[in-house]
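Data from start.cif: mmCIF, C-alpha atoms and all ligand atoms
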data_data
#
loop_
_atom_site.label_atom_id
_atom_site.label_comp_id
_atom_site.auth_asym_id
_atom_site.auth_seq_id
_atom_site.Cartn_x
_atom_site.Cartn_y
_atom_site.Cartn_z
CA MET A 1131 14.94 -32.26 -23.13
CA ASN A 1132 17.09 -29.98 -21.07
CA VAL A 1133 16.26 -30.50 -17.42
CA PRO A 1134 18.56 -28.36 -15.28
CA VAL A 1135 19.30 -30.85 -12.55
CA ASN A 1136 21.65 -28.34 -10.93
CA LEU A 1137 18.69 -26.17 -10.11
CA LEU A 1138 17.56 -28.90 -7.76
CA LYS A 1139 20.69 -28.41 -5.68
CA LYS A 1140 19.56 -24.98 -4.54
CA PRO A 1141 19.01 -25.14 -0.78
CA VAL A 1142 15.89 -22.98 -0.33
CA LYS A 1143 13.12 -22.01 -2.67
CA GLN A 1144 13.77 -18.60 -4.10
CA ASN A 1145 11.04 -16.05 -4.72
CA LEU A 1146 11.62 -14.94 -8.29
CA LEU A 1147 9.50 -11.77 -7.94
CA GLY A 1148 12.27 -9.88 -6.18
CA MET A 1149 15.02 -10.74 -8.67
CA THR A 1150 16.45 -8.30 -11.18
CA LEU A 1151 17.25 -9.55 -14.67
CA GLN A 1152 20.85 -9.93 -13.56
CA ASP A 1153 19.80 -12.03 -10.52
CA LEU A 1154 17.63 -14.22 -12.74
CA GLU A 1155 20.49 -14.69 -15.18
CA VAL A 1156 22.74 -15.85 -12.36
CA PHE A 1157 19.95 -18.08 -11.08
CA PHE A 1158 19.56 -19.80 -14.43
CA THR A 1159 23.15 -19.94 -15.66
CA GLU A 1160 24.50 -21.24 -12.35
CA SER A 1161 22.13 -24.14 -12.84
CA GLY A 1162 23.21 -24.90 -16.36
CA GLU A 1163 20.22 -23.24 -17.98
CA LYS A 1164 20.43 -20.68 -20.77
CA ALA A 1165 20.64 -16.99 -19.78
CA PHE A 1166 17.72 -16.03 -22.06
CA ARG A 1167 15.36 -17.84 -19.68
CA ALA A 1168 15.84 -14.87 -17.34
CA SER A 1169 14.26 -12.41 -19.73
CA GLN A 1170 11.47 -14.86 -20.61
CA VAL A 1171 10.59 -15.44 -16.97
CA MET A 1172 10.85 -11.75 -16.14
CA LYS A 1173 8.26 -10.95 -18.82
CA TRP A 1174 5.94 -13.67 -17.55
CA LEU A 1175 6.21 -12.40 -14.00
CA HIS A 1176 5.92 -8.66 -14.46
CA GLN A 1177 4.35 -8.01 -17.86
CA LEU A 1178 1.90 -10.90 -17.99
CA LEU A 1179 1.61 -11.07 -14.20
CA ALA A 1180 1.84 -14.85 -14.11
CA ALA A 1181 0.99 -16.33 -10.72
CA ASP A 1182 1.94 -19.87 -11.59
CA PHE A 1183 4.82 -21.49 -13.47
CA ASP A 1184 2.33 -23.47 -15.52
CA GLU A 1185 1.22 -20.25 -17.21
CA MET A 1186 4.70 -19.91 -18.75
CA THR A 1187 3.86 -21.73 -21.94
CA ASN A 1188 7.07 -21.00 -23.83
CA ILE A 1189 9.04 -22.85 -21.18
CA SER A 1190 9.27 -26.63 -21.39
CA LYS A 1191 7.10 -28.64 -19.02
CA ALA A 1192 10.19 -30.28 -17.53
CA LEU A 1193 11.76 -26.95 -16.66
CA ARG A 1194 8.48 -25.67 -15.24
CA GLU A 1195 8.29 -28.73 -12.97
CA THR A 1196 11.84 -28.10 -11.79
CA LEU A 1197 11.10 -24.44 -11.18
CA LYS A 1198 8.15 -25.40 -9.00
CA GLN A 1199 10.52 -27.33 -6.78
CA VAL A 1200 13.17 -24.65 -6.41
CA ALA A 1201 11.37 -21.34 -6.83
CA THR A 1202 8.19 -19.53 -5.88
CA ILE A 1203 6.07 -16.62 -7.07
CA ASP A 1204 4.99 -15.48 -3.63
CA VAL A 1205 3.13 -12.28 -2.83
CA PRO A 1206 1.77 -10.97 0.46
CA GLU A 1207 -1.81 -11.88 1.36
CA ILE A 1208 -4.49 -9.24 0.82
CA VAL A 1209 -6.38 -8.78 4.08
CA PHE A 1210 -8.12 -5.51 3.28
CA ASP A 1211 -9.12 -3.87 0.00
CA GLN A 1212 -11.13 -0.68 0.11
CA THR A 1213 -11.89 2.11 -2.33
CA SER A 1214 -12.41 5.63 -1.07
CA ALA A 1215 -15.16 8.00 -2.22
CA ASP A 1216 -12.56 9.79 -4.37
CA GLY A 1217 -11.42 6.59 -6.07
CA THR A 1218 -8.28 6.10 -3.98
CA ARG A 1219 -7.86 2.40 -3.24
CA LYS A 1220 -6.01 1.01 -0.25
CA TRP A 1221 -4.77 -2.49 0.39
CA VAL A 1222 -3.53 -3.89 3.65
CA LEU A 1223 -1.16 -6.74 2.95
CA GLN A 1224 -0.08 -9.38 5.39
CA LEU A 1225 3.48 -10.56 5.13
CA GLU A 1226 4.98 -13.86 6.09
CA GLY A 1227 5.31 -13.76 9.87
CA GLY A 1228 2.13 -11.73 10.34
CA ASN A 1229 3.24 -8.11 9.92
CA LYS A 1230 1.02 -5.87 7.84
CA ILE A 1231 1.84 -3.09 5.42
CA GLU A 1232 -0.21 -0.72 3.30
CA THR A 1233 -0.26 0.14 -0.39
CA VAL A 1234 -2.34 2.93 -1.91
CA PHE A 1235 -3.44 3.57 -5.51
CA ILE A 1236 -4.27 7.17 -6.41
CA PRO A 1237 -6.02 7.57 -9.78
CA GLU A 1238 -5.92 10.95 -11.49
CA ALA A 1239 -7.16 12.14 -14.87
CA ASN A 1240 -3.94 11.45 -16.76
CA ARG A 1241 -2.02 9.11 -14.48
CA GLY A 1242 -2.28 6.52 -11.74
CA THR A 1243 0.16 6.58 -8.85
CA LEU A 1244 0.88 3.61 -6.65
CA CYS A 1245 2.31 4.52 -3.24
CA ILE A 1246 4.21 1.56 -1.80
CA SER A 1247 5.90 0.68 1.50
CA SER A 1248 9.54 -0.24 1.94
CA GLN A 1249 9.62 -1.26 5.62
CA VAL A 1250 7.26 -2.55 8.30
CA GLY A 1251 6.97 0.52 10.50
CA CYS A 1252 9.75 3.09 10.51
CA ALA A 1253 12.72 3.87 12.72
CA LEU A 1254 12.99 7.57 11.98
CA ASP A 1255 10.41 8.75 14.51
CA CYS A 1256 9.22 11.86 12.68
CA SER A 1257 6.94 13.60 15.18
CA PHE A 1258 4.07 14.30 12.75
CA CYS A 1259 3.86 10.85 11.12
CA SER A 1260 1.60 8.09 12.40
CA THR A 1261 3.78 5.31 10.97
CA ALA A 1262 6.48 6.45 13.42
CA ARG A 1263 4.22 5.61 16.36
CA GLN A 1264 4.45 1.90 15.74
CA GLY A 1265 8.22 1.76 15.74
CA PHE A 1266 10.29 -0.29 13.36
CA SER A 1267 9.78 -3.98 12.82
CA ARG A 1268 11.74 -5.07 9.76
CA ASN A 1269 12.81 -4.33 6.21
CA LEU A 1270 10.70 -5.63 3.35
CA THR A 1271 12.40 -8.05 0.99
CA SER A 1272 12.73 -6.96 -2.62
CA ALA A 1273 9.99 -9.48 -3.48
CA GLU A 1274 7.66 -7.86 -0.92
CA ILE A 1275 8.33 -4.41 -2.36
CA VAL A 1276 7.80 -5.57 -5.96
CA GLY A 1277 4.86 -7.75 -4.84
CA GLN A 1278 2.87 -4.60 -4.02
CA VAL A 1279 3.08 -3.41 -7.63
CA TRP A 1280 2.37 -6.92 -8.93
CA ILE A 1281 -0.75 -7.28 -6.75
CA ALA A 1282 -2.06 -3.80 -7.57
CA SER A 1283 -1.47 -4.32 -11.31
CA ARG A 1284 -3.45 -7.56 -11.22
CA LEU A 1285 -6.28 -6.21 -9.11
CA LEU A 1286 -6.58 -3.08 -11.22
CA GLY A 1287 -7.06 -5.38 -14.17
CA GLU A 1288 -3.95 -4.57 -16.19
CA ASN A 1289 -3.94 -7.10 -18.95
CA SER A 1290 -0.95 -5.93 -20.90
CA ARG A 1291 1.67 -3.25 -20.98
CA ASP A 1292 -0.57 -1.12 -23.19
CA ASP A 1293 -3.26 -1.21 -20.58
CA ARG A 1294 -1.45 0.59 -17.81
CA LYS A 1295 -3.37 1.76 -14.76
CA ILE A 1296 -0.21 2.30 -12.73
CA THR A 1297 1.87 4.93 -14.53
CA ASN A 1298 3.89 6.07 -11.52
CA VAL A 1299 5.33 4.31 -8.47
CA VAL A 1300 6.33 6.32 -5.40
CA LEU A 1301 8.12 4.93 -2.36
CA MET A 1302 6.15 7.17 -0.01
CA GLY A 1303 4.29 4.55 1.99
CA MET A 1304 5.53 3.12 5.25
CA GLY A 1305 9.24 3.19 5.98
CA GLU A 1306 12.42 4.97 4.99
CA PRO A 1307 13.52 3.52 1.62
CA LEU A 1308 17.17 4.43 2.05
CA LEU A 1309 17.39 2.42 5.27
CA ASN A 1310 16.48 -0.64 3.19
CA TYR A 1311 18.85 0.31 0.41
CA ASP A 1312 19.75 -2.97 -1.31
CA ASN A 1313 16.19 -4.27 -1.55
CA VAL A 1314 14.84 -0.90 -2.65
CA LEU A 1315 17.52 -0.63 -5.34
CA LYS A 1316 16.59 -4.07 -6.69
CA ALA A 1317 12.89 -3.17 -6.67
CA ILE A 1318 13.30 0.14 -8.51
CA THR A 1319 15.56 -1.59 -11.04
CA ILE A 1320 12.71 -4.02 -11.70
CA PHE A 1321 10.13 -1.20 -11.95
CA MET A 1322 12.25 0.52 -14.59
CA HIS A 1323 13.35 -2.57 -16.56
CA ASP A 1324 11.90 -2.99 -20.03
CA ASP A 1325 11.28 -6.70 -19.53
CA ALA A 1326 9.33 -5.88 -16.37
CA TYR A 1327 7.17 -2.81 -15.64
CA GLY A 1328 9.15 -0.56 -17.99
CA LEU A 1329 8.46 2.67 -16.08
CA SER A 1330 10.68 5.59 -17.02
CA LYS A 1331 13.03 7.05 -14.42
CA ARG A 1332 10.81 10.10 -14.05
CA ARG A 1333 7.94 7.85 -13.01
CA VAL A 1334 9.61 6.04 -10.13
CA THR A 1335 10.21 8.21 -7.07
CA VAL A 1336 12.20 7.47 -3.94
CA SER A 1337 11.22 9.71 -1.04
CA THR A 1338 13.70 10.12 1.80
CA SER A 1339 14.08 12.04 5.03
CA GLY A 1340 17.75 12.42 4.16
CA VAL A 1341 19.84 9.39 5.09
CA LEU A 1342 22.92 10.94 3.59
CA PRO A 1343 25.54 8.35 2.85
CA LYS A 1344 22.84 6.33 1.13
CA LEU A 1345 21.53 9.35 -0.76
CA ASP A 1346 24.96 9.82 -2.30
CA LEU A 1347 25.05 6.14 -3.17
CA LEU A 1348 21.62 6.32 -4.80
CA GLY A 1349 22.83 9.17 -7.02
CA LYS A 1350 25.58 6.89 -8.29
CA ASP A 1351 23.60 3.63 -8.52
CA SER A 1352 20.40 4.95 -10.04
CA ASN A 1353 18.76 7.82 -11.88
CA VAL A 1354 15.42 7.47 -10.19
CA ALA A 1355 13.38 10.60 -9.36
CA LEU A 1356 14.11 11.92 -5.89
CA ALA A 1357 11.84 13.50 -3.29
CA VAL A 1358 13.31 14.87 -0.07
CA SER A 1359 11.18 15.34 3.03
CA LEU A 1360 12.47 18.75 4.06
CA HIS A 1361 9.64 20.11 6.25
CA ALA A 1362 11.71 22.85 7.93
CA VAL A 1363 14.31 25.46 7.10
CA THR A 1364 16.24 25.63 10.37
CA ASP A 1365 18.05 22.79 12.10
CA GLU A 1366 16.24 23.62 15.32
CA ILE A 1367 12.78 23.01 13.87
CA ARG A 1368 13.88 20.17 11.60
CA ASP A 1369 15.51 18.39 14.57
CA SER A 1370 12.13 18.35 16.29
CA LEU A 1371 10.15 17.20 13.23
CA VAL A 1372 12.59 14.85 11.49
CA PRO A 1373 15.03 13.62 14.15
CA VAL A 1374 17.44 12.12 11.59
CA ASN A 1375 18.36 15.80 11.01
CA LYS A 1376 20.44 15.66 14.22
CA LYS A 1377 22.70 13.19 12.48
CA TYR A 1378 22.56 14.73 9.01
CA PRO A 1379 21.80 18.46 9.39
CA LEU A 1380 20.43 20.76 6.73
CA LYS A 1381 23.74 22.03 5.41
CA GLU A 1382 24.93 18.48 4.70
CA LEU A 1383 21.52 17.50 3.31
CA MET A 1384 21.52 20.37 0.82
CA ALA A 1385 25.11 19.62 -0.23
CA SER A 1386 24.13 16.01 -0.84
CA CYS A 1387 21.11 17.15 -2.91
CA ARG A 1388 23.45 19.27 -5.06
CA ARG A 1389 25.70 16.26 -5.59
CA TYR A 1390 22.68 14.15 -6.56
CA ILE A 1391 21.78 16.58 -9.30
CA GLU A 1392 25.40 16.82 -10.50
CA ASN A 1393 25.56 13.02 -10.79
CA GLN A 1394 22.58 12.90 -13.14
CA THR A 1395 23.34 12.90 -16.83
CA ALA A 1396 19.90 14.10 -17.92
CA LYS A 1397 18.30 17.35 -16.82
CA THR A 1398 16.30 16.73 -13.68
CA HIS A 1399 15.03 18.27 -10.47
CA ILE A 1400 14.44 17.27 -6.86
CA THR A 1401 11.00 17.48 -5.27
CA PHE A 1402 11.10 18.91 -1.76
CA GLU A 1403 8.19 17.84 0.41
CA TYR A 1404 7.09 20.30 3.05
CA VAL A 1405 4.29 19.39 5.47
CA MET A 1406 2.28 22.44 6.53
CA LEU A 1407 2.02 22.54 10.32
CA ASN A 1408 0.08 25.37 11.87
CA GLY A 1409 2.39 27.79 13.70
CA VAL A 1410 5.38 25.46 13.40
CA ASN A 1411 6.92 25.90 9.93
CA ASP A 1412 4.43 28.00 7.97
CA SER A 1413 5.44 31.63 8.54
CA HIS A 1414 6.34 34.23 5.93
CA GLN A 1415 9.92 34.03 7.20
CA ASP A 1416 9.95 30.24 6.72
CA ALA A 1417 9.00 30.73 3.07
CA VAL A 1418 11.73 33.34 2.58
CA LYS A 1419 14.31 31.02 4.15
CA LEU A 1420 13.10 28.12 2.03
CA VAL A 1421 13.75 30.12 -1.13
CA ALA A 1422 17.29 30.89 0.07
CA LEU A 1423 17.93 27.27 1.06
CA LEU A 1424 16.96 25.94 -2.37
CA ARG A 1425 18.86 28.53 -4.37
CA GLY A 1426 20.88 26.90 -7.14
CA ILE A 1427 19.10 23.53 -6.90
CA PRO A 1428 16.63 22.59 -9.67
CA ALA A 1429 13.70 22.13 -7.30
CA LYS A 1430 9.97 21.71 -7.04
CA VAL A 1431 8.30 22.27 -3.70
CA ASN A 1432 5.34 20.08 -2.81
CA LEU A 1433 3.42 21.55 0.11
CA ILE A 1434 1.57 18.78 1.97
CA PRO A 1435 -1.40 19.76 4.10
CA PHE A 1436 -0.85 17.93 7.39
CA ASN A 1437 -3.09 14.89 7.75
CA PRO A 1438 -4.19 14.63 11.34
CA PHE A 1439 -4.31 11.45 13.43
CA PRO A 1440 -5.23 10.96 17.10
CA ASP A 1441 -2.96 12.77 19.59
CA SER A 1442 -0.57 14.02 16.95
CA GLY A 1443 -0.24 17.33 18.77
CA TYR A 1444 -0.25 19.22 15.45
CA ASP A 1445 -2.82 21.05 13.34
CA CYS A 1446 -2.77 21.63 9.63
CA SER A 1447 -2.05 25.21 8.57
CA PRO A 1448 -5.23 26.95 7.36
CA MET A 1449 -5.61 26.81 3.57
CA PRO A 1450 -5.19 30.59 3.10
CA ILE A 1451 -1.80 30.37 4.85
CA ILE A 1452 -0.76 27.41 2.66
CA LYS A 1453 -1.79 29.33 -0.46
CA GLU A 1454 0.07 32.42 0.67
CA PHE A 1455 3.16 30.31 1.37
CA LYS A 1456 2.93 28.86 -2.11
CA GLU A 1457 2.49 32.29 -3.73
CA LEU A 1458 5.58 33.56 -1.98
CA LEU A 1459 7.65 30.65 -3.28
CA MET A 1460 6.29 31.12 -6.80
CA LYS A 1461 7.01 34.85 -6.80
CA SER A 1462 10.62 33.96 -6.06
CA GLY A 1463 10.74 31.72 -9.10
CA LEU A 1464 10.27 28.33 -7.44
CA VAL A 1465 7.81 25.79 -8.77
CA ALA A 1466 5.42 25.01 -5.93
CA THR A 1467 2.31 22.84 -5.69
CA ILE A 1468 -0.12 21.94 -2.95
CA ARG A 1469 -0.64 18.20 -2.63
CA LYS A 1470 -4.27 17.26 -2.93
CA THR A 1471 -5.27 15.13 0.01
CA ARG A 1472 -6.68 11.84 -1.18
CA GLY A 1473 -8.25 8.85 0.49
CA GLU A 1474 -8.69 10.50 3.90
CA ASP A 1475 -11.94 8.66 4.59
CA ILE A 1476 -10.13 5.31 4.49
CA ASP A 1477 -6.98 6.52 6.29
CA ALA A 1478 -4.98 6.27 3.09
CA ALA A 1479 -3.52 9.80 3.12
CA CYS A 1480 0.16 10.65 3.72
CA GLY A 1481 1.23 9.82 7.22
CA GLN A 1482 -1.89 7.82 7.96
CA LEU A 1483 -0.50 4.46 6.95
CA VAL A 1484 0.02 2.37 10.00
CA GLY A 1485 -0.52 -1.24 8.97
CA LYS A 1486 -0.13 -3.34 12.03
CA VAL A 1487 3.10 -4.39 13.65
CA LYS A 1488 3.18 -7.82 15.12
CA ASP A 1489 5.34 -6.78 18.04
CA LYS A 1490 2.82 -4.59 19.79
CA SER A 1491 5.17 -3.90 22.72
CA ARG A 1492 7.09 -1.43 20.58
CA ARG A 1493 3.95 0.47 19.89
CA GLU A 1494 2.88 0.49 23.50
CA ARG A 1495 6.29 1.67 24.60
CA LYS A 1496 6.02 4.52 22.14
CA PHE A 1497 2.81 5.69 23.71
CA GLU A 1498 4.47 5.93 27.10
CA ASN A 1499 6.56 8.69 25.63
CA PRO A 1500 5.31 11.89 27.32
CA ARG A 1501 5.47 13.69 23.98
CA TYR A 1502 2.47 11.64 22.86
CA GLY A 1503 0.48 11.70 26.10
CA MET A 1504 -0.52 8.62 28.04
CA ASN A 1505 -3.30 6.97 26.13
N1 LIG A 1601 10.39 7.97 4.88
C1 LIG A 1601 10.19 8.60 3.61
C2 LIG A 1601 8.91 8.21 2.89
C3 LIG A 1601 7.63 8.04 3.68
S1 LIG A 1601 6.59 9.37 4.08
C4 LIG A 1601 10.27 10.09 3.77
O1 LIG A 1601 10.41 10.57 4.89
O2 LIG A 1601 10.26 10.80 2.77
C5 LIG A 1601 6.01 10.17 2.65
C6 LIG A 1601 5.75 11.66 2.92
O3 LIG A 1601 4.60 11.88 3.78
C7 LIG A 1601 6.92 12.33 3.64
O4 LIG A 1601 7.22 13.56 3.07
C8 LIG A 1601 6.39 12.48 5.03
O5 LIG A 1601 7.09 13.42 5.74
C9 LIG A 1601 4.94 12.84 4.77
N2 LIG A 1601 4.08 12.70 5.95
C10 LIG A 1601 4.25 11.90 7.02
N3 LIG A 1601 3.26 12.07 7.91
C11 LIG A 1601 2.44 13.01 7.40
C12 LIG A 1601 1.20 13.59 7.85
N4 LIG A 1601 0.63 13.22 9.00
N5 LIG A 1601 0.63 14.51 7.05
C13 LIG A 1601 1.18 14.84 5.86
N6 LIG A 1601 2.32 14.32 5.39
C14 LIG A 1601 2.95 13.41 6.15
#
As structure tokens, the full file:
Amino acid sequence: MNVPVNLLKKPVKQNLLGMTLQDLEVFFTESGEKAFRASQVMKWLHQLLAADFDEMTNISKALRETLKQVATIDVPEIVFDQTSADGTRKWVLQLEGGNKIETVFIPEANRGTLCISSQVGCALDCSFCSTARQGFSRNLTSAEIVGQVWIASRLLGENSRDDRKITNVVLMGMGEPLLNYDNVLKAITIFMHDDAYGLSKRRVTVSTSGVLPKLDLLGKDSNVALAVSLHAVTDEIRDSLVPVNKKYPLKELMASCRRYIENQTAKTHITFEYVMLNGVNDSHQDAVKLVALLRGIPAKVNLIPFNPFPDSGYDCSPMPIIKEFKELLMKSGLVATIRKTRGEDIDAACGQLVGKVKDKSRRERKFENPRYGMN
């Protein structure tokens, strides 16, 4: 019997859910175990969704007992689970330490998209996003990011890889993924790994406001699908909507997007998200400028009707204006779609995810900001 006594020397219990195959290989080999255990355990965790080491029947009892002492399979606690009239399902998950995050499942006829969070709150302070109001609390660990997919897969009743409810994962929940780079990279590696969720690179999307040095890094480290939250075509307007634009203005953002495409070996495109705000960024001229800005980049434009929340100070553009905007883009040869709003009745739509930050003072301080009014 091969009991890896060295495993017992590990100082703290490690949560195996957030480990890539490479991490698991290091974990096992450093302890004198065989490297193939990594792939076995990875399949148990992410394909068979094992919640307990005792379920891992092709691993000796002795090794399972040791694993129980040095490792965990820990996921956040589900404190809220609600399904919307349109089938959208939202979970509020409580993390260790009390912070809460949100995860949303959006079923469609031919696919199921899970929208996951990467941070508790967000530091970017976009003026039209409710997550911004609560400020930033902390980064999620890779296990907490992966845990959202694990929990949703189990609760949606996925019993095997052939029984997939979640066909796409998008990092469009709370937080800015590129400000939690290392953990996000680990998580997307796990989503795409064949021994784990096995999603293709087109089915895992990182959405960013444009944190540039990290965007360049992502293009080198990964071939994941990219969505960029553009929202405006001049620096003046983008500065007011997406303040990170002051640091990384449009010209640099577009250059970085071009580099991202050049770095990809396979043919691909970037999705540009554009929230439709009445009288702010929805004019005929905005559409014309958008076409010019995206020239030469394989792009799809996703127009997002603004989802209101209390005291946002914005209104959604009327649907005829959004349709006209889309037509103009299409006439110029761009692919453009209007995002269907889902899960509004349970506050699960884009920009409505707020979770609950433990440190309320940050949130209260935010509301003292005159831009938001004093309530
Ligand atoms: N931080 C990342 C991902 C999170 S937001 C990013 O900025 O891309 C996911 C998308 O929802 C972004 O495009 C964001 O700008 C958009 N969004 C935020 N608040 C919104 C709202 N109230 N209505 C519609 N879309 C919103």
One-decimal distance in Å that lies between atom CA of Phe1258 of chain A and atom CA of Leu1371 of chain A:
6.8 Å
Please report, as JSON lines, each residue of chain A lying at most 8 Å from ligand LIG 1601 (chain A), together with the nearest pair of atoms and the separation in Å rounded to one decimal; use all atoms listed in the file, and order rows by chain and ascending residue number.
{"residue": "A:Ser1247", "atom": "CA", "partner": "A:LIG1601", "partner_atom": "C3", "distance": 7.9}
{"residue": "A:Cys1252", "atom": "CA", "partner": "A:LIG1601", "partner_atom": "N1", "distance": 7.5}
{"residue": "A:Leu1254", "atom": "CA", "partner": "A:LIG1601", "partner_atom": "N1", "distance": 7.6}
{"residue": "A:Cys1256", "atom": "CA", "partner": "A:LIG1601", "partner_atom": "O5", "distance": 7.4}
{"residue": "A:Phe1258", "atom": "CA", "partner": "A:LIG1601", "partner_atom": "N4", "distance": 5.2}
{"residue": "A:Cys1259", "atom": "CA", "partner": "A:LIG1601", "partner_atom": "N3", "distance": 3.5}
{"residue": "A:Ser1260", "atom": "CA", "partner": "A:LIG1601", "partner_atom": "N3", "distance": 6.2}
{"residue": "A:Thr1261", "atom": "CA", "partner": "A:LIG1601", "partner_atom": "N3", "distance": 7.4}
{"residue": "A:Leu1301", "atom": "CA", "partner": "A:LIG1601", "partner_atom": "C2", "distance": 6.2}
{"residue": "A:Met1302", "atom": "CA", "partner": "A:LIG1601", "partner_atom": "C5", "distance": 4.0}
{"residue": "A:Gly1303", "atom": "CA", "partner": "A:LIG1601", "partner_atom": "C3", "distance": 5.1}
{"residue": "A:Met1304", "atom": "CA", "partner": "A:LIG1601", "partner_atom": "C3", "distance": 5.6}
{"residue": "A:Gly1305", "atom": "CA", "partner": "A:LIG1601", "partner_atom": "N1", "distance": 5.0}
{"residue": "A:Glu1306", "atom": "CA", "partner": "A:LIG1601", "partner_atom": "N1", "distance": 3.6}
{"residue": "A:Pro1307", "atom": "CA", "partner": "A:LIG1601", "partner_atom": "N1", "distance": 6.3}
{"residue": "A:Val1336", "atom": "CA", "partner": "A:LIG1601", "partner_atom": "C2", "distance": 7.6}
{"residue": "A:Ser1337", "atom": "CA", "partner": "A:LIG1601", "partner_atom": "O2", "distance": 4.1}
{"residue": "A:Thr1338", "atom": "CA", "partner": "A:LIG1601", "partner_atom": "O2", "distance": 3.6}
{"residue": "A:Ser1339", "atom": "CA", "partner": "A:LIG1601", "partner_atom": "O1", "distance": 4.0}
{"residue": "A:Gly1340", "atom": "CA", "partner": "A:LIG1601", "partner_atom": "O1", "distance": 7.6}
{"residue": "A:Ala1357", "atom": "CA", "partner": "A:LIG1601", "partner_atom": "O2", "distance": 6.8}
{"residue": "A:Val1358", "atom": "CA", "partner": "A:LIG1601", "partner_atom": "O2", "distance": 5.8}
{"residue": "A:Ser1359", "atom": "CA", "partner": "A:LIG1601", "partner_atom": "O4", "distance": 4.3}
{"residue": "A:Leu1360", "atom": "CA", "partner": "A:LIG1601", "partner_atom": "O4", "distance": 7.4}
{"residue": "A:His1361", "atom": "CA", "partner": "A:LIG1601", "partner_atom": "O5", "distance": 7.2}
{"residue": "A:Glu1403", "atom": "CA", "partner": "A:LIG1601", "partner_atom": "O4", "distance": 5.1}
{"residue": "A:Tyr1404", "atom": "CA", "partner": "A:LIG1601", "partner_atom": "O4", "distance": 6.7}
{"residue": "A:Val1405", "atom": "CA", "partner": "A:LIG1601", "partner_atom": "N6", "distance": 5.4}
{"residue": "A:Met1406", "atom": "CA", "partner": "A:LIG1601", "partner_atom": "C13", "distance": 7.7}
{"residue": "A:Ile1434", "atom": "CA", "partner": "A:LIG1601", "partner_atom": "C13", "distance": 5.6}
{"residue": "A:Pro1435", "atom": "CA", "partner": "A:LIG1601", "partner_atom": "C13", "distance": 5.8}
{"residue": "A:Phe1436", "atom": "CA", "partner": "A:LIG1601", "partner_atom": "N5", "distance": 3.7}
{"residue": "A:Asn1437", "atom": "CA", "partner": "A:LIG1601", "partner_atom": "N5", "distance": 3.8}
{"residue": "A:Pro1438", "atom": "CA", "partner": "A:LIG1601", "partner_atom": "N4", "distance": 5.5}
{"residue": "A:Phe1439", "atom": "CA", "partner": "A:LIG1601", "partner_atom": "N4", "distance": 6.9}
{"residue": "A:Ala1479", "atom": "CA", "partner": "A:LIG1601", "partner_atom": "N5", "distance": 7.4}
{"residue": "A:Cys1480", "atom": "CA", "partner": "A:LIG1601", "partner_atom": "N6", "distance": 4.6}
{"residue": "A:Gly1481", "atom": "CA", "partner": "A:LIG1601", "partner_atom": "N3", "distance": 3.1}
{"residue": "A:Gln1482", "atom": "CA", "partner": "A:LIG1601", "partner_atom": "N4", "distance": 6.0}
Would you save the residues of that selection, restricted to C-alpha atoms, as a compact mmCIF listing (two decimals), keeping the file's coordinate frame?
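The result, written out as out35.txt:
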# COMPACT_ATOMS: atom_id res chain seq x y z
CA SER A 1247 5.90 0.68 1.50
CA CYS A 1252 9.75 3.09 10.51
CA LEU A 1254 12.99 7.57 11.98
CA CYS A 1256 9.22 11.86 12.68
CA PHE A 1258 4.07 14.30 12.75
CA CYS A 1259 3.86 10.85 11.12
CA SER A 1260 1.60 8.09 12.40
CA THR A 1261 3.78 5.31 10.97
CA LEU A 1301 8.12 4.93 -2.36
CA MET A 1302 6.15 7.17 -0.01
CA GLY A 1303 4.29 4.55 1.99
CA MET A 1304 5.53 3.12 5.25
CA GLY A 1305 9.24 3.19 5.98
CA GLU A 1306 12.42 4.97 4.99
CA PRO A 1307 13.52 3.52 1.62
CA VAL A 1336 12.20 7.47 -3.94
CA SER A 1337 11.22 9.71 -1.04
CA THR A 1338 13.70 10.12 1.80
CA SER A 1339 14.08 12.04 5.03
CA GLY A 1340 17.75 12.42 4.16
CA ALA A 1357 11.84 13.50 -3.29
CA VAL A 1358 13.31 14.87 -0.07
CA SER A 1359 11.18 15.34 3.03
CA LEU A 1360 12.47 18.75 4.06
CA HIS A 1361 9.64 20.11 6.25
CA GLU A 1403 8.19 17.84 0.41
CA TYR A 1404 7.09 20.30 3.05
CA VAL A 1405 4.29 19.39 5.47
CA MET A 1406 2.28 22.44 6.53
CA ILE A 1434 1.57 18.78 1.97
CA PRO A 1435 -1.40 19.76 4.10
CA PHE A 1436 -0.85 17.93 7.39
CA ASN A 1437 -3.09 14.89 7.75
CA PRO A 1438 -4.19 14.63 11.34
CA PHE A 1439 -4.31 11.45 13.43
CA ALA A 1479 -3.52 9.80 3.12
CA CYS A 1480 0.16 10.65 3.72
CA GLY A 1481 1.23 9.82 7.22
CA GLN A 1482 -1.89 7.82 7.96
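One distance worth recording is that between atom CA of Leu1458 of chain A and atom CA of Asp1412 of chain A, which is 11.5 Å.
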For a test of reading the model, state the distance in Å between atom CA of Ala1362 of chain A and atom CA of Ile1476 of chain A, rounded to one decimal.
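Between these atoms lies a distance of 28.2 Å.
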List every protein, DNA or RNA residue that has an atom no more than 10 Å from (12.5, 32.5, -1.0) in the file's coordinate frame, counting only C-alpha atoms, and report them as a PyMOL selection string.
chain A and resi 1414-1425+1455+1458-1464
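Applying the 9 Å criterion to (8.1, -16.3, -5.9) in file coordinates and using only C-alpha atoms, one obtains the residues Lys1143, Gln1144, Asn1145, Leu1146, Leu1147, Gly1148, Ala1181, Ala1201, Thr1202, Ile1203, Asp1204, Val1205 and Ala1273 of chain A.
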